[in-house]
$ cat protein_19.csv   # CSV, C-alpha atoms
chain,number,residue,atom,x,y,z
A,1,MET,CA,-5.6,-16.9,3.0
A,2,ILE,CA,-7.4,-13.7,2.0
A,3,LYS,CA,-10.7,-15.6,1.7
A,4,GLN,CA,-10.2,-17.0,5.2
A,5,ILE,CA,-9.6,-13.5,6.6
A,6,ALA,CA,-12.7,-12.2,4.8
A,7,ALA,CA,-14.8,-15.0,6.2
A,8,GLN,CA,-13.4,-14.5,9.7
A,9,TYR,CA,-14.3,-10.8,9.7
A,10,ASP,CA,-17.7,-11.5,8.1
A,11,SER,CA,-18.4,-13.8,11.1
A,12,TRP,CA,-17.2,-11.2,13.7
A,13,TYR,CA,-19.2,-8.4,12.2
A,14,ALA,CA,-22.3,-10.5,11.9
A,15,SER,CA,-22.1,-11.7,15.5
A,16,THR,CA,-23.3,-8.3,17.0
A,17,ASP,CA,-25.2,-5.2,16.1
A,18,GLU,CA,-22.5,-3.1,17.8
A,19,LEU,CA,-19.7,-1.8,15.7
A,20,PHE,CA,-16.2,-3.3,16.1
A,21,GLY,CA,-14.4,-1.8,19.1
A,22,GLY,CA,-17.7,-0.7,20.6
A,23,GLY,CA,-18.0,1.7,17.7
A,24,LYS,CA,-15.3,3.9,19.1
A,25,PRO,CA,-12.5,5.1,16.8
A,26,VAL,CA,-9.0,4.1,17.8
A,27,PRO,CA,-7.3,6.8,19.9
A,28,ALA,CA,-4.8,7.7,17.1
A,29,VAL,CA,-7.7,8.5,14.7
A,30,ARG,CA,-9.1,10.9,17.4
A,31,LYS,CA,-5.7,12.5,17.6
A,32,LEU,CA,-5.7,13.0,13.8
A,33,THR,CA,-8.3,15.8,14.1
A,34,GLU,CA,-5.8,17.8,16.0
A,35,TYR,CA,-3.7,18.1,12.8
A,36,LEU,CA,-6.4,18.2,10.1
A,37,SER,CA,-10.0,19.4,10.2
A,38,GLY,CA,-11.2,18.0,6.9
A,39,GLY,CA,-10.4,16.7,3.5
A,40,ARG,CA,-10.6,13.4,1.6
A,41,ALA,CA,-9.9,10.4,3.8
A,42,LEU,CA,-9.3,6.7,2.8
A,43,ASP,CA,-9.8,4.1,5.5
A,44,ILE,CA,-7.9,1.0,4.3
A,45,GLY,CA,-9.3,-2.1,5.9
A,46,GLY,CA,-11.9,0.0,7.6
A,47,GLY,CA,-14.3,-2.9,8.4
A,48,ASP,CA,-17.7,-1.9,9.7
A,49,GLY,CA,-16.8,1.7,10.2
A,50,ARG,CA,-15.5,2.5,13.7
A,51,ASN,CA,-13.1,5.1,12.3
A,52,ALA,CA,-14.9,6.0,9.1
A,53,ILE,CA,-18.1,7.0,10.9
A,54,TYR,CA,-16.1,9.2,13.3
A,55,LEU,CA,-14.3,11.0,10.5
A,56,ALA,CA,-17.4,11.5,8.5
A,57,GLU,CA,-19.1,13.0,11.5
A,58,LYS,CA,-16.1,15.4,11.8
A,59,GLY,CA,-16.6,16.6,8.2
A,60,PHE,CA,-14.2,14.4,6.3
A,61,ALA,CA,-15.2,13.0,2.9
A,62,VAL,CA,-14.6,9.3,3.7
A,63,SER,CA,-14.0,6.3,1.5
A,64,VAL,CA,-13.5,2.8,2.9
A,65,MET,CA,-11.9,-0.3,1.4
A,66,ASP,CA,-12.2,-3.7,3.0
A,67,LEU,CA,-12.5,-7.4,2.3
A,68,SER,CA,-15.6,-7.9,4.3
A,69,VAL,CA,-19.0,-7.5,2.5
A,70,VAL,CA,-20.8,-7.9,5.9
A,71,GLY,CA,-18.7,-5.2,7.5
A,72,LEU,CA,-19.2,-2.7,4.7
A,73,ASP,CA,-22.9,-3.4,4.6
A,74,LYS,CA,-23.1,-2.8,8.3
A,75,LEU,CA,-21.1,0.4,7.9
A,76,GLN,CA,-23.6,1.7,5.2
A,77,ALA,CA,-26.6,0.9,7.4
A,78,VAL,CA,-25.1,2.9,10.3
A,79,ALA,CA,-24.1,5.7,8.0
A,80,LYS,CA,-27.6,5.9,6.5
A,81,LYS,CA,-29.2,6.2,10.0
A,82,LYS,CA,-26.8,9.0,10.8
A,83,GLY,CA,-27.3,10.8,7.5
A,84,LEU,CA,-23.7,10.3,6.5
A,85,HIS,CA,-22.3,9.6,3.0
A,86,ILE,CA,-19.4,7.2,3.0
A,87,LYS,CA,-18.1,5.5,-0.1
A,88,THR,CA,-17.3,1.8,0.3
A,89,GLN,CA,-15.5,-0.7,-1.9
A,90,VAL,CA,-14.9,-4.4,-1.4
A,91,ALA,CA,-11.2,-4.7,-2.3
A,92,ASP,CA,-7.9,-6.6,-1.7
A,93,ILE,CA,-5.6,-3.7,-0.8
A,94,ARG,CA,-2.6,-5.7,-2.1
A,95,LYS,CA,-4.0,-5.5,-5.6
A,96,GLU,CA,-6.1,-2.3,-5.6
A,97,ASN,CA,-4.8,0.7,-7.5
A,98,PHE,CA,-6.0,3.9,-5.8
A,99,ALA,CA,-7.9,6.1,-8.2
A,100,ALA,CA,-7.4,9.3,-6.3
A,101,VAL,CA,-5.1,11.2,-3.9
A,102,TYR,CA,-6.1,11.8,-0.4
A,103,ASP,CA,-5.5,14.2,2.5
A,104,VAL,CA,-5.8,11.3,5.0
A,105,MET,CA,-4.9,7.6,5.0
A,106,VAL,CA,-6.0,5.5,7.9
A,107,VAL,CA,-4.7,1.9,8.3
A,108,THR,CA,-5.5,0.4,11.7
A,109,TYR,CA,-5.0,-3.2,12.7
A,110,VAL,CA,-4.6,-4.4,9.1
A,111,LEU,CA,-1.0,-4.7,8.1
A,112,HIS,CA,-0.3,-7.8,10.3
A,113,HIS,CA,-2.6,-9.8,7.9
A,114,LEU,CA,-0.1,-9.2,5.1
A,115,ASP,CA,3.3,-10.6,4.2
A,116,ALA,CA,6.0,-8.1,5.1
A,117,ALA,CA,6.7,-7.3,1.5
A,118,ASP,CA,3.1,-6.7,0.7
A,119,ALA,CA,2.6,-4.5,3.8
A,120,ARG,CA,5.5,-2.3,2.7
A,121,GLU,CA,4.1,-2.0,-0.8
A,122,VAL,CA,0.7,-1.0,0.6
A,123,VAL,CA,2.4,1.7,2.8
A,124,GLU,CA,4.4,3.0,-0.1
A,125,LYS,CA,1.4,3.0,-2.5
A,126,SER,CA,-0.6,4.9,0.2
A,127,GLN,CA,2.2,7.4,0.5
A,128,SER,CA,2.3,8.1,-3.2
A,129,HIS,CA,-1.4,8.7,-3.2
A,130,THR,CA,-1.3,11.3,-0.4
A,131,VAL,CA,-1.2,15.0,-1.0
A,132,VAL,CA,1.7,17.1,0.3
A,133,GLY,CA,0.7,18.1,3.9
A,134,GLY,CA,-1.6,15.0,4.1
A,135,VAL,CA,-1.6,12.8,7.2
A,136,HIS,CA,-1.3,9.1,7.7
A,137,VAL,CA,-2.5,7.2,10.8
A,138,ILE,CA,-1.0,3.8,11.1
A,139,VAL,CA,-1.8,1.4,14.0
A,140,THR,CA,-0.3,-2.0,13.7
A,141,PHE,CA,0.6,-4.9,15.8
A,142,ALA,CA,4.3,-5.0,16.8
A,143,ASN,CA,6.8,-7.8,17.2
A,144,GLU,CA,6.2,-8.3,20.9
A,145,GLY,CA,3.3,-10.2,22.5
A,146,GLY,CA,1.1,-13.3,22.2
A,147,LEU,CA,-0.2,-12.5,18.7
A,148,TYR,CA,3.3,-12.0,17.3
A,149,GLU,CA,4.6,-15.2,19.0
A,150,ARG,CA,1.8,-17.2,17.4
A,151,ALA,CA,2.5,-15.7,13.9
A,152,LYS,CA,6.2,-14.9,13.9
A,153,SER,CA,7.1,-17.8,11.6
A,154,SER,CA,4.5,-16.7,9.1
A,155,GLY,CA,6.5,-13.9,7.5
A,156,ARG,CA,3.7,-11.4,8.1
A,157,PHE,CA,4.3,-7.8,9.0
A,158,TYR,CA,5.0,-7.2,12.7
A,159,PRO,CA,7.3,-4.2,12.9
A,160,ASP,CA,9.0,-2.4,15.7
A,161,GLU,CA,8.9,1.3,16.2
A,162,GLU,CA,12.2,1.8,14.3
A,163,THR,CA,10.9,0.0,11.3
A,164,MET,CA,7.9,2.3,11.1
A,165,ARG,CA,10.2,5.3,11.5
A,166,LEU,CA,12.2,4.1,8.6
A,167,LEU,CA,9.1,3.6,6.4
A,168,TYR,CA,8.3,7.2,7.1
A,169,LYS,CA,11.8,8.6,7.1
A,170,ASP,CA,10.9,11.3,4.5
A,171,TRP,CA,7.8,12.4,6.4
A,172,GLU,CA,7.3,14.5,9.5
A,173,ILE,CA,6.5,12.1,12.3
A,174,LEU,CA,4.0,13.9,14.4
A,175,GLU,CA,3.5,11.2,17.0
A,176,ILE,CA,4.8,7.7,17.5
A,177,ASN,CA,4.6,5.3,20.4
A,178,THR,CA,4.1,1.7,21.4
A,179,GLU,CA,1.6,0.3,23.9
A,180,GLU,CA,0.2,-3.0,25.0
A,181,VAL,CA,-3.4,-3.8,23.9
A,182,LEU,CA,-5.8,-6.6,24.5
A,183,CYS,CA,-6.4,-8.5,21.2
A,184,HIS,CA,-9.6,-9.9,19.9
A,185,ALA,CA,-7.8,-13.2,19.2
A,186,ARG,CA,-7.6,-15.8,21.9
A,187,ASP,CA,-5.0,-18.3,23.1
A,188,LYS,CA,-5.4,-22.0,23.4
A,189,GLN,CA,-6.9,-21.5,26.9
A,190,GLY,CA,-9.5,-19.2,25.5
A,191,SER,CA,-8.1,-16.0,27.1
A,192,ARG,CA,-7.7,-12.9,25.0
A,193,MET,CA,-4.0,-12.3,24.1
A,194,LYS,CA,-2.0,-9.2,24.7
A,195,ASN,CA,0.3,-7.7,22.1
A,196,ARG,CA,2.1,-4.4,21.7
A,197,VAL,CA,1.1,-2.0,18.9
A,198,VAL,CA,2.9,0.8,17.1
A,199,ASN,CA,0.8,4.0,16.8
A,200,LEU,CA,2.1,6.4,14.2
A,201,ILE,CA,0.8,9.8,12.9
A,202,ALA,CA,2.9,11.3,10.1
A,203,ARG,CA,2.6,14.3,7.7
A,204,LYS,CA,3.9,14.2,4.1
A,205,GLN,CA,6.6,16.6,3.3
A,206,MET,CA,7.5,18.2,-0.1
$ encode --input "protein_19.csv" --output "structure tokens"
Amino acid sequence: MIKQIAAQYDSWYASTDELFGGGKPVPAVRKLTEYLSGGRALDIGGGDGRNAIYLAEKGFAVSVMDLSVVGLDKLQAVAKKKGLHIKTQVADIRKENFAAVYDVMVVTYVLHHLDAADAREVVEKSQSHTVVGGVHVIVTFANEGGLYERAKSSGRFYPDEETMRLLYKDWEILEINTEEVLCHARDKQGSRMKNRVVNLIARKQM
């Protein structure tokens, strides 16, 4: 399964010179800079760099983990052109032990690829490697919409807002909301599916 996901994203990233999402960071990552102006950031499943490039340009020291070699190579090429230093690592986040603690953790559109238990472990591991006062940005597909309907028997992680609140019950939730988005995945008729996502920004307490 993991190899299939890596191959899928390799194909997507290789299909265009443009960064995923038009190279624009997800809105929740833009909101992050209202709460922190710098520090060490880890972008988990950061792909070809839509969020990492933005954070590096804002002065964060950014590291990225992802399965896709093509995506990370593309990220490094863009970073070099922009004169940015971003550390990258090809890694399976289920098995990776973080070597440092961070001020920021970013996890956008990643957790739905994982079994529910693995997704929770990744979140908990990320929490334990975040400094007090550090901030998490989580954007994840929720349990409502075409993508969820297609995958709901898979056991993968499609939470509702309350589930995310409970995962961060010991943190200060700065922002949380759900919204409907247009997915990259397509239905049997070839139309892009819609699904709701949970956007969460939270700060670690003592």
$ closest_residue --input "protein_19.csv" --among "A:Lys3, A:Lys204, A:Lys169, A:Lys152" --to "Asp92 of chain A" --atoms "all atoms listed in the file"
A:Lys3
$ atom_distance --input "protein_19.csv" --atom1 "atom CA of Asp66 of chain A" --atom2 "atom CA of Lys81 of chain A"
20.9 Å
$ residues_around --input "protein_19.csv" --residues "Ala52 of chain A" --least-positions-apart "4" --cutoff "10 Å" --atoms "all atoms listed in the file" --output "list in words"
Pro25, Val29, Ala41, Leu42, Asp43, Ile44, Gly46, Gly47, Asp48, Ala56, Glu57, Lys58, Phe60, Ala61, Val62, Ser63, Val64, Leu75, Ala79, Ile86, Lys87 and Val106 of chain A
$ closest_atom_pairs --input "protein_19.csv" --of "segment 28-69 of chain A" --to "segment 170-193 of chain A" --cutoff "10 Å" --atoms "all atoms listed in the file" --output "CSV"
residue,atom,partner,partner_atom,distance
A:Ala28,CA,A:Glu175,CA,9.0
A:Lys31,CA,A:Glu175,CA,9.3
A:Leu32,CA,A:Leu174,CA,9.8
A:Tyr35,CA,A:Leu174,CA,8.9
$ write_last_selection --input "protein_19.csv" --atoms "C-alpha atoms" --output "JSON list (two decimals), keeping the file's coordinate frame"
[["chain", "number", "residue", "atom", "x", "y", "z"],
["A", 28, "ALA", "CA", -4.80, 7.70, 17.10],
["A", 31, "LYS", "CA", -5.70, 12.50, 17.60],
["A", 32, "LEU", "CA", -5.70, 13.00, 13.80],
["A", 35, "TYR", "CA", -3.70, 18.10, 12.80]]
$ closest_residue --input "protein_19.csv" --among "A:Met1, A:Val122, A:Val135, A:Ala202" --to "Leu36 of chain A" --atoms "only C-alpha atoms"
A:Val135
$ atom_distance --input "protein_19.csv" --atom1 "atom CA of Asp103 of chain A" --atom2 "atom CA of Val26 of chain A"
18.7 Å
$ atom_distance --input "protein_19.csv" --atom1 "atom CA of Phe157 of chain A" --atom2 "atom CA of Ala91 of chain A"
19.4 Å
$ residues_around --input "protein_19.csv" --residues "Ala117 of chain A" --least-positions-apart "2" --cutoff "12 Å" --atoms "all atoms listed in the file" --output "list of chain:residue names"
A:Arg94, A:Leu111, A:His112, A:His113, A:Leu114, A:Asp115, A:Ala119, A:Arg120, A:Glu121, A:Val122, A:Val123, A:Glu124, A:Gly155, A:Arg156, A:Phe157, A:Tyr158, A:Pro159
$ closest_residue --input "protein_19.csv" --among "A:Thr88, A:Thr130, A:Gln4, A:Ser11" --to "Arg40 of chain A" --atoms "only C-alpha atoms"
A:Thr130
$ residues_around --input "protein_19.csv" --residues "Ala142 of chain A" --least-positions-apart "3" --cutoff "8 Å" --atoms "only C-alpha atoms" --output "list of chain:residue names"
A:Gly145, A:Tyr148, A:Tyr158, A:Pro159, A:Asp160, A:Glu161, A:Asn195, A:Arg196, A:Val197, A:Val198
$ closest_residue --input "protein_19.csv" --among "A:Tyr109, A:Phe98, A:Tyr13, A:Phe141" --to "Asn51 of chain A" --atoms "only C-alpha atoms"
A:Tyr109
$ build_atoms --input "protein_19.csv" --residues "segment 149-182 of chain A" --atoms "N, CA and C atoms" --output "mmCIF file, keeping the file's coordinate frame"
data_model
loop_
_atom_site.group_PDB
_atom_site.id
_atom_site.type_symbol
_atom_site.label_atom_id
_atom_site.label_comp_id
_atom_site.auth_asym_id
_atom_site.auth_seq_id
_atom_site.Cartn_x
_atom_site.Cartn_y
_atom_site.Cartn_z
ATOM 1 N N GLU A 149 3.950 -13.898 18.770
ATOM 2 C CA GLU A 149 4.600 -15.200 19.000
ATOM 3 C C GLU A 149 3.869 -16.302 18.258
ATOM 4 N N ARG A 150 2.566 -16.184 18.120
ATOM 5 C CA ARG A 150 1.800 -17.200 17.400
ATOM 6 C C ARG A 150 2.080 -17.133 15.891
ATOM 7 N N ALA A 151 2.410 -15.948 15.391
ATOM 8 C CA ALA A 151 2.500 -15.700 13.900
ATOM 9 C C ALA A 151 3.915 -15.450 13.430
ATOM 10 N N LYS A 152 4.937 -15.464 14.314
ATOM 11 C CA LYS A 152 6.200 -14.900 13.900
ATOM 12 C C LYS A 152 6.936 -15.763 12.825
ATOM 13 N N SER A 153 6.548 -17.009 12.637
ATOM 14 C CA SER A 153 7.100 -17.800 11.600
ATOM 15 C C SER A 153 6.389 -17.657 10.245
ATOM 16 N N SER A 154 5.333 -16.851 10.238
ATOM 17 C CA SER A 154 4.500 -16.700 9.100
ATOM 18 C C SER A 154 5.031 -15.773 8.007
ATOM 19 N N GLY A 155 5.962 -14.903 8.414
ATOM 20 C CA GLY A 155 6.500 -13.900 7.500
ATOM 21 C C GLY A 155 5.600 -12.677 7.371
ATOM 22 N N ARG A 156 4.555 -12.611 8.200
ATOM 23 C CA ARG A 156 3.700 -11.400 8.100
ATOM 24 C C ARG A 156 4.315 -10.248 8.847
ATOM 25 N N PHE A 157 3.714 -9.085 8.658
ATOM 26 C CA PHE A 157 4.300 -7.800 9.000
ATOM 27 C C PHE A 157 4.013 -7.475 10.507
ATOM 28 N N TYR A 158 5.031 -7.606 11.338
ATOM 29 C CA TYR A 158 5.000 -7.200 12.700
ATOM 30 C C TYR A 158 6.175 -6.337 13.036
ATOM 31 N N PRO A 159 6.094 -5.043 12.774
ATOM 32 C CA PRO A 159 7.300 -4.200 12.900
ATOM 33 C C PRO A 159 7.525 -3.699 14.298
ATOM 34 N N ASP A 160 8.725 -3.208 14.527
ATOM 35 C CA ASP A 160 9.000 -2.400 15.700
ATOM 36 C C ASP A 160 8.878 -0.959 15.390
ATOM 37 N N GLU A 161 9.055 -0.118 16.384
ATOM 38 C CA GLU A 161 8.900 1.300 16.200
ATOM 39 C C GLU A 161 9.919 1.856 15.173
ATOM 40 N N GLU A 162 11.142 1.351 15.233
ATOM 41 C CA GLU A 162 12.200 1.800 14.300
ATOM 42 C C GLU A 162 11.855 1.500 12.879
ATOM 43 N N THR A 163 11.275 0.343 12.636
ATOM 44 C CA THR A 163 10.900 0.000 11.300
ATOM 45 C C THR A 163 9.853 0.966 10.734
ATOM 46 N N MET A 164 8.908 1.361 11.562
ATOM 47 C CA MET A 164 7.900 2.300 11.100
ATOM 48 C C MET A 164 8.526 3.702 10.889
ATOM 49 N N ARG A 165 9.469 4.068 11.725
ATOM 50 C CA ARG A 165 10.200 5.300 11.500
ATOM 51 C C ARG A 165 10.892 5.335 10.153
ATOM 52 N N LEU A 166 11.506 4.227 9.822
ATOM 53 C CA LEU A 166 12.200 4.100 8.600
ATOM 54 C C LEU A 166 11.286 4.169 7.364
ATOM 55 N N LEU A 167 10.125 3.543 7.487
ATOM 56 C CA LEU A 167 9.100 3.600 6.400
ATOM 57 C C LEU A 167 8.664 5.010 6.150
ATOM 58 N N TYR A 168 8.720 5.848 7.183
ATOM 59 C CA TYR A 168 8.300 7.200 7.100
ATOM 60 C C TYR A 168 9.410 8.220 7.269
ATOM 61 N N LYS A 169 10.601 7.820 6.842
ATOM 62 C CA LYS A 169 11.800 8.600 7.100
ATOM 63 C C LYS A 169 11.748 9.977 6.335
ATOM 64 N N ASP A 170 10.992 10.066 5.233
ATOM 65 C CA ASP A 170 10.900 11.300 4.500
ATOM 66 C C ASP A 170 9.671 12.139 4.878
ATOM 67 N N TRP A 171 8.952 11.680 5.877
ATOM 68 C CA TRP A 171 7.800 12.400 6.400
ATOM 69 C C TRP A 171 8.074 13.003 7.729
ATOM 70 N N GLU A 172 7.244 13.950 8.121
ATOM 71 C CA GLU A 172 7.300 14.500 9.500
ATOM 72 C C GLU A 172 6.535 13.598 10.402
ATOM 73 N N ILE A 173 7.224 12.959 11.329
ATOM 74 C CA ILE A 173 6.500 12.100 12.300
ATOM 75 C C ILE A 173 5.968 12.987 13.407
ATOM 76 N N LEU A 174 4.663 13.078 13.442
ATOM 77 C CA LEU A 174 4.000 13.900 14.400
ATOM 78 C C LEU A 174 3.880 13.260 15.775
ATOM 79 N N GLU A 175 3.591 11.975 15.741
ATOM 80 C CA GLU A 175 3.500 11.200 17.000
ATOM 81 C C GLU A 175 3.853 9.753 16.667
ATOM 82 N N ILE A 176 4.564 9.109 17.581
ATOM 83 C CA ILE A 176 4.800 7.700 17.500
ATOM 84 C C ILE A 176 5.025 7.118 18.858
ATOM 85 N N ASN A 177 4.415 6.001 19.132
ATOM 86 C CA ASN A 177 4.600 5.300 20.400
ATOM 87 C C ASN A 177 4.169 3.882 20.306
ATOM 88 N N THR A 178 4.545 3.113 21.279
ATOM 89 C CA THR A 178 4.100 1.700 21.400
ATOM 90 C C THR A 178 3.339 1.545 22.673
ATOM 91 N N GLU A 179 2.371 0.646 22.645
ATOM 92 C CA GLU A 179 1.600 0.300 23.900
ATOM 93 C C GLU A 179 1.094 -1.083 23.776
ATOM 94 N N GLU A 180 0.741 -1.642 24.918
ATOM 95 C CA GLU A 180 0.200 -3.000 25.000
ATOM 96 C C GLU A 180 -1.341 -2.902 24.900
ATOM 97 N N VAL A 181 -1.930 -3.764 24.069
ATOM 98 C CA VAL A 181 -3.400 -3.800 23.900
ATOM 99 C C VAL A 181 -3.876 -5.229 24.118
ATOM 100 N N LEU A 182 -5.158 -5.348 24.415
ATOM 101 C CA LEU A 182 -5.800 -6.600 24.500
ATOM 102 C C LEU A 182 -6.375 -6.980 23.133
#
